[in-house]
Structures are given as C-alpha cells and as structure tokens.
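This is final.csv (CSV, C-alpha atoms and all ligand atoms).
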```csv
chain,number,residue,atom,x,y,z
A,37,MET,CA,71.8,182.7,-117.4
A,38,LEU,CA,70.8,181.1,-114.2
A,39,LEU,CA,73.4,178.5,-113.6
A,40,PHE,CA,71.9,176.7,-110.7
A,41,GLN,CA,68.8,177.2,-108.5
A,42,ILE,CA,69.8,177.6,-104.9
A,43,SER,CA,67.3,177.9,-102.1
A,44,PRO,CA,67.5,181.1,-100.0
A,45,VAL,CA,66.8,178.9,-97.0
A,46,PRO,CA,69.9,177.4,-95.6
A,47,SER,CA,69.1,173.7,-95.6
A,48,MET,CA,71.2,170.6,-95.0
A,49,SER,CA,71.3,168.7,-98.1
A,50,LEU,CA,71.1,168.8,-101.8
A,51,THR,CA,68.7,166.6,-103.6
A,52,PRO,CA,69.9,166.2,-107.1
A,53,CYS,CA,68.1,168.6,-109.4
A,54,HIS,CA,64.6,167.3,-110.3
A,55,GLY,CA,62.5,169.6,-112.4
A,56,HIS,CA,62.3,173.0,-110.8
A,57,ARG,CA,62.7,172.0,-107.2
A,58,PRO,CA,65.0,174.6,-105.6
A,59,LEU,CA,68.1,173.2,-104.0
A,60,VAL,CA,71.1,174.1,-101.9
A,61,MET,CA,74.3,172.8,-103.3
A,62,ASP,CA,76.9,171.5,-100.9
A,63,VAL,CA,80.5,171.7,-102.1
A,64,LEU,CA,80.6,168.0,-102.9
A,65,ASP,CA,77.1,167.7,-104.4
A,66,VAL,CA,76.4,167.2,-108.0
A,67,PRO,CA,73.2,168.3,-109.7
A,68,ALA,CA,71.4,165.7,-111.9
A,69,ASP,CA,71.3,168.2,-114.7
A,70,ARG,CA,74.9,169.4,-115.2
A,71,GLN,CA,74.4,172.4,-117.4
A,72,LYS,CA,77.5,174.0,-119.0
A,73,GLY,CA,79.5,175.7,-116.3
A,74,TRP,CA,77.3,174.4,-113.5
A,75,TYR,CA,80.3,174.1,-111.3
A,76,LEU,CA,81.1,177.8,-111.4
A,77,SER,CA,78.4,178.3,-108.7
A,78,LEU,CA,80.5,176.3,-106.3
A,79,MET,CA,82.9,179.3,-106.2
A,80,ALA,CA,82.7,181.3,-103.0
A,81,PRO,CA,82.2,185.0,-103.0
A,82,ASN,CA,85.1,187.3,-102.1
A,83,THR,CA,84.7,188.3,-98.4
A,84,LYS,CA,88.0,190.0,-98.1
A,85,GLY,CA,87.3,193.3,-99.9
A,86,PRO,CA,88.7,195.0,-102.9
A,87,GLU,CA,92.4,194.2,-102.2
A,88,PHE,CA,91.4,190.7,-102.9
A,89,ALA,CA,89.2,191.6,-105.8
A,90,TRP,CA,89.3,188.3,-107.5
A,91,LEU,CA,87.3,185.1,-107.7
A,92,ASP,CA,88.5,181.8,-106.2
A,93,PRO,CA,87.8,178.8,-108.4
A,94,SER,CA,89.7,176.5,-106.1
A,95,ARG,CA,86.6,175.4,-104.2
A,96,LEU,CA,85.2,173.7,-107.3
A,97,TYR,CA,88.4,171.5,-107.5
A,98,CYS,CA,87.2,169.9,-104.2
A,99,ASN,CA,84.2,168.4,-106.1
A,100,SER,CA,85.5,165.5,-108.3
A,101,GLN,CA,82.6,165.9,-110.8
A,102,ALA,CA,83.1,169.6,-111.0
A,103,LEU,CA,86.8,169.2,-111.6
A,104,ALA,CA,86.2,166.5,-114.2
A,105,ASP,CA,83.6,168.7,-116.0
A,106,CYS,CA,85.9,171.7,-115.9
A,107,VAL,CA,88.8,169.7,-117.4
A,108,LYS,CA,86.4,168.3,-120.0
A,109,ASP,CA,85.3,171.8,-121.0
A,110,LEU,CA,88.9,173.0,-121.2
A,111,LEU,CA,89.8,170.1,-123.5
A,112,GLY,CA,86.7,170.5,-125.6
A,113,PRO,CA,88.1,172.6,-128.4
A,114,PHE,CA,91.4,170.6,-128.5
A,115,HIS,CA,90.1,167.2,-129.3
A,116,SER,CA,91.5,167.1,-132.8
A,117,ASP,CA,94.7,169.0,-131.9
A,118,PRO,CA,97.8,166.9,-131.1
A,119,VAL,CA,99.3,167.9,-127.8
A,120,ASP,CA,102.6,166.5,-126.6
A,121,LEU,CA,102.8,168.2,-123.2
A,122,VAL,CA,100.7,170.2,-120.9
A,123,ALA,CA,102.3,173.2,-119.1
A,124,GLY,CA,100.7,174.8,-116.1
A,125,ILE,CA,101.5,178.1,-114.4
A,126,ASP,CA,102.5,178.4,-110.7
A,127,ALA,CA,100.5,178.0,-108.5
A,128,MET,CA,96.9,177.3,-109.2
A,129,GLY,CA,97.6,176.4,-112.8
A,130,PHE,CA,99.4,173.3,-111.4
A,131,ILE,CA,96.1,171.9,-110.2
A,132,LEU,CA,94.2,172.3,-113.4
A,133,GLY,CA,97.2,171.7,-115.6
A,134,ALA,CA,98.0,168.4,-114.0
A,135,SER,CA,94.4,167.3,-114.1
A,136,VAL,CA,94.2,168.2,-117.8
A,137,ALA,CA,97.5,166.3,-118.5
A,138,THR,CA,96.3,163.2,-116.7
A,139,THR,CA,93.0,163.3,-118.6
A,140,LEU,CA,94.8,163.6,-121.9
A,141,GLY,CA,97.4,161.0,-120.9
A,142,LYS,CA,100.2,163.5,-121.3
A,143,GLY,CA,103.0,164.7,-119.1
A,144,PHE,CA,103.0,168.0,-117.2
A,145,LEU,CA,105.6,170.8,-117.2
A,146,ALA,CA,105.6,173.3,-114.3
A,147,ILE,CA,106.2,176.9,-115.2
A,148,ARG,CA,107.4,178.3,-111.9
A,149,LYS,CA,107.5,181.6,-110.2
A,150,ALA,CA,111.0,183.0,-109.8
A,151,CYS,CA,113.7,181.5,-107.7
A,152,HIS,CA,112.3,178.0,-107.2
A,153,LEU,CA,114.0,176.0,-109.9
A,154,CYS,CA,117.3,174.5,-109.0
A,155,VAL,CA,118.2,173.6,-112.6
A,156,ALA,CA,119.2,175.5,-115.6
A,157,ASN,CA,116.3,177.7,-116.6
A,158,GLN,CA,115.1,180.6,-118.7
A,159,ASN,CA,113.2,183.4,-117.1
A,160,GLN,CA,110.7,185.9,-118.3
A,161,ASN,CA,109.6,189.2,-116.6
A,162,TYR,CA,106.0,190.2,-116.7
A,163,THR,CA,103.4,192.3,-114.9
A,164,ASP,CA,100.1,190.9,-113.8
A,165,TYR,CA,96.8,192.2,-112.5
A,166,THR,CA,98.5,193.4,-109.3
A,167,GLY,CA,100.6,195.8,-111.3
A,168,ARG,CA,103.8,194.4,-109.8
A,169,GLU,CA,106.7,193.2,-111.8
A,170,LYS,CA,107.2,189.4,-111.5
A,171,THR,CA,109.4,186.7,-113.0
A,172,MET,CA,108.6,183.2,-114.1
A,173,GLU,CA,110.9,180.4,-115.0
A,174,VAL,CA,111.0,177.2,-117.0
A,175,ARG,CA,113.6,174.5,-117.1
A,176,LEU,CA,115.7,174.3,-120.2
A,177,ASP,CA,115.8,170.5,-120.6
A,178,VAL,CA,112.3,169.8,-121.7
A,179,LEU,CA,111.0,172.2,-124.3
A,180,LYS,CA,112.3,171.9,-127.8
A,181,PRO,CA,111.3,172.6,-131.4
A,182,ASP,CA,108.3,170.4,-132.6
A,183,LEU,CA,106.9,170.0,-129.1
A,184,ARG,CA,103.3,171.0,-129.0
A,185,VAL,CA,102.3,172.5,-125.7
A,186,LEU,CA,98.9,173.2,-124.2
A,187,LEU,CA,99.2,176.0,-121.6
A,188,VAL,CA,96.9,175.9,-118.6
A,189,ASP,CA,96.3,178.4,-115.9
A,190,GLN,CA,93.4,179.1,-113.5
A,191,TRP,CA,92.5,182.6,-114.7
A,192,ILE,CA,93.5,185.2,-117.3
A,193,GLU,CA,92.8,188.8,-116.2
A,194,THR,CA,95.3,191.2,-117.8
A,195,GLY,CA,96.9,188.3,-119.7
A,196,GLY,CA,100.4,189.3,-118.5
A,197,THR,CA,101.0,186.0,-116.8
A,198,MET,CA,99.9,183.8,-119.8
A,199,ARG,CA,101.7,186.0,-122.3
A,200,ALA,CA,104.9,185.5,-120.4
A,201,ALA,CA,104.4,181.8,-120.3
A,202,ILE,CA,103.7,181.8,-124.1
A,203,GLN,CA,107.0,183.7,-124.6
A,204,LEU,CA,108.9,181.2,-122.6
A,205,VAL,CA,107.5,178.3,-124.5
A,206,GLU,CA,108.0,179.9,-127.9
A,207,ASN,CA,111.5,181.2,-127.1
A,208,LEU,CA,112.6,177.7,-126.5
A,209,GLY,CA,111.3,176.7,-129.9
A,210,ALA,CA,108.2,174.8,-128.9
A,211,THR,CA,104.7,175.5,-130.2
A,212,VAL,CA,101.8,176.7,-128.2
A,213,THR,CA,98.9,174.5,-129.4
A,214,GLY,CA,96.5,176.5,-127.2
A,215,VAL,CA,95.7,178.3,-124.0
A,216,ALA,CA,93.2,177.1,-121.4
A,217,ALA,CA,91.9,178.8,-118.3
A,218,VAL,CA,88.7,178.7,-116.2
A,219,ALA,CA,88.1,182.2,-117.3
A,220,ILE,CA,89.6,184.7,-119.8
A,221,GLU,CA,88.5,188.2,-118.9
A,222,ASN,CA,87.6,190.7,-121.7
A,223,THR,CA,90.6,192.8,-121.0
A,224,GLU,CA,93.0,194.0,-123.7
A,225,GLY,CA,95.4,191.2,-122.8
A,226,GLY,CA,92.6,188.6,-122.6
A,227,LYS,CA,91.3,189.6,-126.0
A,228,TRP,CA,94.9,189.5,-127.4
A,229,ILE,CA,95.2,185.9,-126.3
A,230,LYS,CA,91.8,185.0,-127.9
A,231,GLU,CA,92.8,186.7,-131.1
A,232,ASN,CA,96.2,185.1,-131.4
A,233,TYR,CA,95.8,181.6,-130.0
A,234,LYS,CA,93.4,178.8,-129.9
A,235,PHE,CA,91.8,178.9,-126.5
A,236,SER,CA,89.3,177.4,-124.1
A,237,HIS,CA,87.6,178.5,-121.0
A,238,CYS,CA,84.6,177.4,-118.8
A,239,ILE,CA,82.4,180.5,-118.9
A,240,PRO,CA,79.0,180.2,-120.6
A,241,GLU,CA,78.4,183.3,-122.8
A,242,GLY,CA,75.8,184.7,-120.5
A,243,LEU,CA,78.1,184.7,-117.6
A,244,GLN,CA,81.1,186.5,-119.2
A,245,SER,CA,79.9,190.0,-118.1
A,246,GLN,CA,79.6,188.7,-114.5
A,247,VAL,CA,83.1,187.3,-114.7
A,248,ASP,CA,84.4,190.6,-116.0
A,249,ARG,CA,82.8,192.4,-113.0
A,250,LYS,CA,84.2,189.7,-110.7
A,251,HIS,CA,80.9,189.1,-109.2
A,252,LEU,CA,78.7,186.1,-110.0
A,253,ASP,CA,74.9,186.3,-109.5
A,254,SER,CA,75.2,182.9,-107.8
A,255,PHE,CA,77.1,184.7,-104.9
A,256,LYS,CA,73.8,186.2,-103.8
A,257,SER,CA,72.5,182.9,-102.7
A,258,PHE,CA,75.8,181.2,-101.8
A,259,THR,CA,75.7,179.1,-98.7
A,260,LYS,CA,78.6,177.1,-97.6
B,301,LIG,O1,96.1,187.7,-116.3
B,301,LIG,P1,96.9,188.2,-115.2
B,301,LIG,O2,96.6,189.6,-114.8
B,301,LIG,O3,98.4,188.1,-115.4
B,301,LIG,O4,96.6,187.3,-113.9
B,301,LIG,C1,96.4,185.9,-114.0
B,301,LIG,C2,97.2,185.2,-112.9
B,301,LIG,O5,96.8,185.6,-111.6
B,301,LIG,C3,96.4,184.5,-110.9
B,301,LIG,O6,97.5,183.9,-110.2
B,301,LIG,P2,98.2,184.5,-109.0
B,301,LIG,O7,99.6,184.9,-109.4
B,301,LIG,O8,97.4,185.6,-108.3
B,301,LIG,O9,98.4,183.4,-107.9
B,301,LIG,P3,98.4,181.9,-107.7
B,301,LIG,O10,99.8,181.7,-107.1
B,301,LIG,O11,97.3,181.7,-106.6
B,301,LIG,O12,98.1,181.1,-108.9
B,301,LIG,C4,95.9,183.5,-112.0
B,301,LIG,O13,95.8,182.2,-111.5
B,301,LIG,C5,96.9,183.7,-113.0
B,301,LIG,O14,98.1,183.0,-112.9
B,302,LIG,N1,91.0,184.0,-109.9
B,302,LIG,C1,90.9,185.2,-110.3
B,302,LIG,N2,89.7,185.8,-110.3
B,302,LIG,C2,89.5,187.0,-110.7
B,302,LIG,N3,90.5,187.8,-111.2
B,302,LIG,C3,91.7,187.3,-111.2
B,302,LIG,N4,92.9,187.8,-111.6
B,302,LIG,C4,93.8,186.8,-111.5
B,302,LIG,N5,93.3,185.7,-111.0
B,302,LIG,C5,92.0,186.0,-110.8
```
Write the structure described by the file as structure tokens, please.
Ligand SMILES: O=P(O)(O)OC[C@H]1O[C@H](OP(=O)(O)OP(=O)(O)O)[C@H](O)[C@@H]1O
Ligand SMILES: Nc1ncnc2[nH]cnc12
Amino acid sequence: MLLFQISPVPSMSLTPCHGHRPLVMDVLDVPADRQKGWYLSLMAPNTKGPEFAWLDPSRLYCNSQALADCVKDLLGPFHSDPVDLVAGIDAMGFILGASVATTLGKGFLAIRKACHLCVANQNQNYTDYTGREKTMEVRLDVLKPDLRVLLVDQWIETGGTMRAAIQLVENLGATVTGVAAVAIENTEGGKWIKENYKFSHCIPEGLQSQVDRKHLDSFKSFTK
C-alpha cells in the first residue's frame, strides 16, 4: 500500500494532499488526507548499517498530529476496555506510554531498565533482539490485584522485552488489559503476544511485511 506520495524532487514545502498532486512531506507537515498509518512515512531510514538494523519511529513523535493519530490508533481496540493505569517501557515506551496515558486521562507507570529505581522494586531478566541478557524493574508500591494495566512500548521485535514487562505486572497481581506498540513484528514472540493478549499497533496490513523486513518502501523517497 502506498502510504503517502512523495515527490522525488527535493522541494521546499508540503502542500496538503489535494487529489493526486505529488508532495514532499516535511517532518511537521500534515497531509489533508490522513490515511491509516500515514505518519509511518515520517520515519527516517537507517543510515547506520546492519548493527543498527532497526527502524526509528521517534521522528514521528515530533509531529503533533502524527503523535496524536498514532496514540489514537493504539487506543482504538481498547475503547470499551477499562484501563486503570498505563505502563510504558524504558526508554522510548515512556514517550508513547505517557501520551497514551494523558489521552486516556490515566496515570503512567515507568517500567525501568535495571539499576535506576531507588525504591523497593521487583526485577525481571530477559533477552531482547540484541541477544543480550537484560533486566527491567518496576516499583512495588503501585501494582496490585485488580489494577488493569495497558502496557505500551515503541516496538516489539522478539517480544522478549514486552514479555518481561507482562511478567512483572502479572507477578504483582495486576491484570494486563492489553499491549500496544507502534509495530509488532511477525516473530515467534510477536505472534505469542498477539495470540495471548489483546493488542494494538499502527501498521496497516499491507505494510506488515515491510516492517518485518525493517525497510519501508517510503524510505526510497525519503527527504528530510
Ligand atoms: O521485542 P524485543 O526484541 O525485546 O525488542 C523490543 C525493544 O527494543 C526497543 O528498545 P531498546 O531497548 O532498543 O531501546 P530504547 O531504550 O531506545 O527504548 C523497543 O523500543 C523495545 O523496548
Ligand atoms: N524500533 C525498532 N525497529 C525495528 N526493530 C526493532 N527492534 C527493537 N526496536 C526496533
């Protein structure tokens, strides 16, 4: 699916999308026709090589409409699900998680990478897409039985990070209402999450294979 028509000619400005007129989208521009996932084409291509083989959604957070639409898409499936608290995973999950929490009118719980919390906490070891063993922590004085938690992170690749967060929340007796991330890759762990929890993400069906390849077609005509 073509998300957004971008002119191959670097030009100065975006005119909001009228008909089929090609356009160049600046980071802060908003198309008139905001198709599902339009903001994904704000993501910059990886220029650092395979050791940085991942996509960087943080550029879309700079665009307030993109961030708002992304949050709306993440909340879409949860409209009729009661949520008491939003929890976000260190570090990029803090940005989206806090935005989701504010939009919902709920509070935000930070699930931190190891050794940052100066209060009593529970920790959980996990392995993520880097293959390295890591630890995350959550404070003990918030989660409790009957609390319904929406877990938010930027991205789910192997699912190791999200699964560890789920374990922390559930081990403290709270309930995971759902899991939200910009993308959930079709890995074994990504599929496990989708099969076992209510979830949301921002990827239109036709783009999932591009996400799994970590290369969006929109990168070909990306201009900053
Ligand atoms: O599904 P997984 O294979 O476990 O990987 C997913 C995690 O990796 C990324 O964060 P990362 O730890 O790279 O860094 P951040 O501090 O920039 O959020 C992403 O935002 C998730 O938290
Ligand atoms: N932002 C991201 N893009 C692609 N793969 C990832 N794996 C973990 N985070 C990722």
Residues near Arg148 of chain A, anyone? I mean within 12 Å using all atoms listed in the file, not counting same-chain ones fewer than 3 positions away, as JSON, numbers by chain. {"A": [123, 124, 125, 126, 127, 128, 129, 130, 145, 151, 152, 153, 154, 155, 157, 158, 159, 160, 170, 171, 172, 173, 174, 175, 189, 197, 200, 201, 204]}
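With distances restricted to only C-alpha atoms, A:Asp164 is the closest residue to Arg199 of chain A from A:Asp177, A:Asp164, A:Glu169, A:Asp182.
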Tell me, as a PyMOL selection string, which residues lie within 9 Å of segment 72-88 of chain A, counting all atoms listed in the file; anything in the same chain fewer than 6 positions away does not count. chain A and resi 39-40+61-64+66+94-96+99+101-103+105-106+109+238-240+250-256+258-260
For ligand LIG 301 (chain B), which residue among A:Leu243, A:Leu183, A:Leu111, A:Leu91 is the nearest when counting only C-alpha atoms and all ligand atoms? A:Leu91
Point out the residue among A:Ser257, A:Thr138, A:Gln190, A:Ser236 with the least atom-to-atom distance to Thr213 of chain A, counting only C-alpha atoms. A:Ser236
Given all atoms listed in the file as the counted atoms, nearest of A:Lys180, A:Val185, A:Asp92, A:Leu140 to Leu208 of chain A: A:Lys180
Is it possible to get the axis-aligned box enclosing segment 221-224 of chain A (all listed atoms, 4 Å extra per side) as AutoDock Vina command-line options, with centre and edge lengths in Å rounded to one decimal?
```
--center_x 90.3 --center_y 191.1 --center_z -121.3 --size_x 13.4 --size_y 13.8 --size_z 12.8
```
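Our summary of the geometry notes that atom CA of Asp120 of chain A is positioned 6.5 Å from atom CA of Lys142 of chain A.
Of the residues under consideration (A:Gln203, A:Thr139, A:Ser116, A:Thr223), A:Thr223 shows the shortest atom-to-atom contact distance to ligand LIG 302 (chain B) when counting all atoms listed in the file.
Atom O3 of ligand LIG 301 (chain B) sits 13.6 Å away from atom CA of Leu187 of chain A.
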At a cut-off of 12 Å around the point (91.9, 181.8, -128.9) (file coordinates), what residues fall inside when counting only C-alpha atoms? I'd like the answer as an NGL selection string. :A and (113-114 or 187 or 212-217 or 220 or 225-237)
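The shortest atom-to-atom distance to ligand LIG 302 (chain B), with only C-alpha atoms and all ligand atoms taken into account, belongs to A:Ile192 out of A:Ala137, A:Val122, A:Ile192, A:Ile202.
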Measure the distance from atom CA of Tyr162 of chain A to atom CA of Ser135 of chain A in Å and round it to one decimal. 25.8 Å
